[in-house]
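Worksheet: one structure, shown below.
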Amino acid sequence: MHYIECFGCGDVDGGLHMTSTVGEEHLVRSRFEVTRAHQGAPGLAHGGLLACAFDEALGSAAGNLLRRPAVTGKLETDFLRPVPVGSTLYIVTKLDGVAGRKIYVSANGRLDAEDGPLAVRARALFVEVTFEHFTSHGSADALEKFSQTAGRSREDWDINP
Ligand SMILES: CCCCCCCC/C=C\CCCCCCCC(=O)SCCNC(=O)CCNC(=O)[C@H](O)C(C)(C)COP(=O)(O)OP(=O)(O)OC[C@H]1O[C@@H](n2cnc3c(N)ncnc32)[C@H](O)[C@@H]1OP(=O)(O)O
């Protein structure tokens with residue numbers, strides 16, 4: 001969790017409650033459990049919420065692998081198979097490259113198992129920002145809020161706490 005009120009990973013009513021873990025070969029593994037609250041068509045996940053889950057997974061990967069604050073500049077998704085309510089998306093993200101402030105990441109989401117059928121593919125460009133991005137555009141006490149969530153100073157956030 002990077003912030004307790006984050007819709008993707010925080011402790012928010014109706015949020016996605018996703019967890020992400022840095023694993024071997026610098027791959028980041030995230031899980032998204034699809035519930036009735038995430039429906040678009042009857043019994044199927046809403047595409048916008050799936051995009052949100054991938055924003056979270058890709059952003060977590062960029063943040064945790066590089067330890068730099070960054071925001072989503074561009075997000076592309078390929079929806080390859082329907083994602084039913086009750087299924088779990090196993091998302092694996094890799095860092096494709098860094099060019100100046102630009103961070104390129106991509107992810108595959110598989111149904112119900114690490115080696116399940118490929119349902120969603122996504123790519124994103126994150127842009128590194130200073131912490132002032134969050135204090136000037138968001139909340140003046142953003143740094144304090146990040147620190148409280150992490151339970152420690154921002155310089156000290158652990159990988160897989
Ligand atoms: C000790 C620290 C540890 C930290 C890590 C801890 C672990 C963290 C774990 C977990 C992380 C959280 C996970 C959350 C995930 C969800 C994230 C979100 O949803 S973020 C909200 C949605 N996104 C926005 O609100 C952005 C809004 N946009 C902006 O603020 C600006 O447009 C911004 C910052 C993206 C760029 O603005 P400019 O003025 O700073 O910079 P310019 O010069 O425009 O862009 C820089 C480079 O990027 C390219 N660029 C920017 N946007 C682009 C785009 N859409 N397409 C292509 N290129 C783009 C530009 O062409 C430029 O490239 P050239 O350097 O010239 O080569």
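Chain labels run A, B, ... following the order of the structure tokens; each chain numbers its residues from 1, and ligands are numbered from 1 in the order shown.
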Q. What residues in chain A get the DSSP label helix (DSSP H, G or I)? Please answer as a PyMOL selection string.
A. chain A and resi 24-26+36-38+47-66+132-137+142-150+154-156
Using C-alpha atoms, can you export the residues from the last selection as an mmCIF file, in the first residue's frame?
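Saved the output as out.cif:
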data_model
loop_
_atom_site.group_PDB
_atom_site.id
_atom_site.type_symbol
_atom_site.label_atom_id
_atom_site.label_comp_id
_atom_site.auth_asym_id
_atom_site.auth_seq_id
_atom_site.Cartn_x
_atom_site.Cartn_y
_atom_site.Cartn_z
ATOM 1 C CA GLU A 24 12.355 -12.419 -9.029
ATOM 2 C CA GLU A 25 13.829 -10.920 -12.194
ATOM 3 C CA HIS A 26 12.484 -7.515 -11.143
ATOM 4 C CA ARG A 36 -19.959 -7.619 -8.452
ATOM 5 C CA ALA A 37 -19.029 -4.025 -7.607
ATOM 6 C CA HIS A 38 -16.723 -4.015 -10.646
ATOM 7 C CA GLY A 47 -13.218 -2.084 -18.904
ATOM 8 C CA GLY A 48 -12.532 1.214 -17.153
ATOM 9 C CA LEU A 49 -12.045 -0.541 -13.839
ATOM 10 C CA LEU A 50 -9.706 -3.035 -15.478
ATOM 11 C CA ALA A 51 -7.716 -0.069 -16.837
ATOM 12 C CA CYS A 52 -7.653 1.300 -13.289
ATOM 13 C CA ALA A 53 -6.312 -2.005 -11.966
ATOM 14 C CA PHE A 54 -3.544 -1.891 -14.549
ATOM 15 C CA ASP A 55 -2.745 1.758 -13.730
ATOM 16 C CA GLU A 56 -2.274 0.610 -10.137
ATOM 17 C CA ALA A 57 -0.162 -2.431 -11.059
ATOM 18 C CA LEU A 58 2.006 -0.516 -13.541
ATOM 19 C CA GLY A 59 2.410 2.473 -11.189
ATOM 20 C CA SER A 60 3.326 0.239 -8.285
ATOM 21 C CA ALA A 61 5.956 -1.433 -10.427
ATOM 22 C CA ALA A 62 7.470 1.879 -11.552
ATOM 23 C CA GLY A 63 7.440 3.277 -8.004
ATOM 24 C CA ASN A 64 8.728 0.220 -6.223
ATOM 25 C CA LEU A 65 11.420 -0.724 -8.731
ATOM 26 C CA LEU A 66 12.826 2.772 -9.215
ATOM 27 C CA GLU A 132 6.058 19.099 -4.881
ATOM 28 C CA HIS A 133 3.740 17.751 -7.618
ATOM 29 C CA PHE A 134 1.582 16.239 -4.863
ATOM 30 C CA THR A 135 1.766 19.166 -2.434
ATOM 31 C CA SER A 136 1.131 21.904 -5.008
ATOM 32 C CA HIS A 137 -1.550 20.136 -7.107
ATOM 33 C CA ALA A 142 0.589 15.051 1.062
ATOM 34 C CA LEU A 143 4.082 14.156 2.263
ATOM 35 C CA GLU A 144 2.893 13.728 5.826
ATOM 36 C CA LYS A 145 0.042 11.510 4.600
ATOM 37 C CA PHE A 146 2.399 9.339 2.527
ATOM 38 C CA SER A 147 4.724 9.007 5.517
ATOM 39 C CA GLN A 148 1.911 8.092 7.902
ATOM 40 C CA THR A 149 0.726 5.360 5.544
ATOM 41 C CA ALA A 150 4.187 3.935 5.182
ATOM 42 C CA ARG A 154 9.418 8.689 2.848
ATOM 43 C CA GLU A 155 13.133 8.072 2.282
ATOM 44 C CA ASP A 156 12.727 4.801 4.073
#
Q: Would you list the contacts of Pro82 (chain A) as a ChimeraX atom specification, taking every protein, DNA or RNA residue within 7 Å and counting only C-alpha atoms, but skipping same-chain residues closer than 2 positions in sequence?
A: /A:44,84,119
Q) Excluding same-chain residues fewer than 5 positions from Gly8 (chain A), what lies within 6 Å of it counting only C-alpha atoms, as a list in words? A) Leu16, His17, Met18 and Glu56 of chain A
Q: Have a look at A:Gly138, A:Gly15, A:Gly109, A:Gly43 and name the one nearest to ligand 1; count only C-alpha atoms and all ligand atoms.
A: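 Checking each of A:Gly138, A:Gly15, A:Gly109, A:Gly43 against ligand 1, counting only C-alpha atoms and all ligand atoms, the winner is A:Gly138.
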**Q.** Residue neighbourhood Ala122 (chain A), 8 Å, only C-alpha atoms, exclusion window fewer than 4 positions, as a ChimeraX atom specification
**A.** /A:54,75-78,106-108
Q: Between A:Gly86, A:Pro69, A:Gly40, A:Gly23, single out the one closest to ligand 1, counting only C-alpha atoms and all ligand atoms.
A: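 Once distances to ligand 1 are computed over only C-alpha atoms and all ligand atoms, the minimum belongs to A:Pro69.
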**Q.** Residue nearest Ile91 (chain A) among A:Val120, A:Ile103, A:Tyr3, A:Asp11 (counting only C-alpha atoms)
**A.** A:Val120
Q. Quick one: of A:Glu128, A:Val34, A:Arg110, A:Pro42, who's nearest to ligand 1, counting only C-alpha atoms and all ligand atoms?
A.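 Selected residue with least distance to ligand 1: A:Glu128.
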Q.
Under the rule that only C-alpha atoms and all ligand atoms are counted, which of A:Tyr90, A:Phe79, A:Phe7, A:Phe32 is the nearest residue to ligand 1?
A.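 Closest to ligand 1, using only C-alpha atoms and all ligand atoms: A:Phe7.
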Q: as a ChimeraX atom specification, please: all residues of chain A that backbone DSSP puts in strand (DSSP E).
A: /A:19-22,28-33,70-79,88-99,102-111,118-128
Q: Using only C-alpha atoms and all ligand atoms, pick whichever of A:Met1, A:Val71, A:Val105, A:Ala41 has the shortest atom-to-atom distance to ligand 1.
A: A:Val71
Q) Got a sec: who's within 10 Å of Lys74 (chain A), counting only C-alpha atoms, leaving out chain neighbours fewer than 5 positions off, as a PyMOL selection string? A) chain A and resi 55+104+123-127
Q. What does the distance between CA of Thr72 (chain A) and atom 16 (C, counted along the ligand's line) of ligand 1 come to in Å, to one decimal place?
A. 6.3 Å
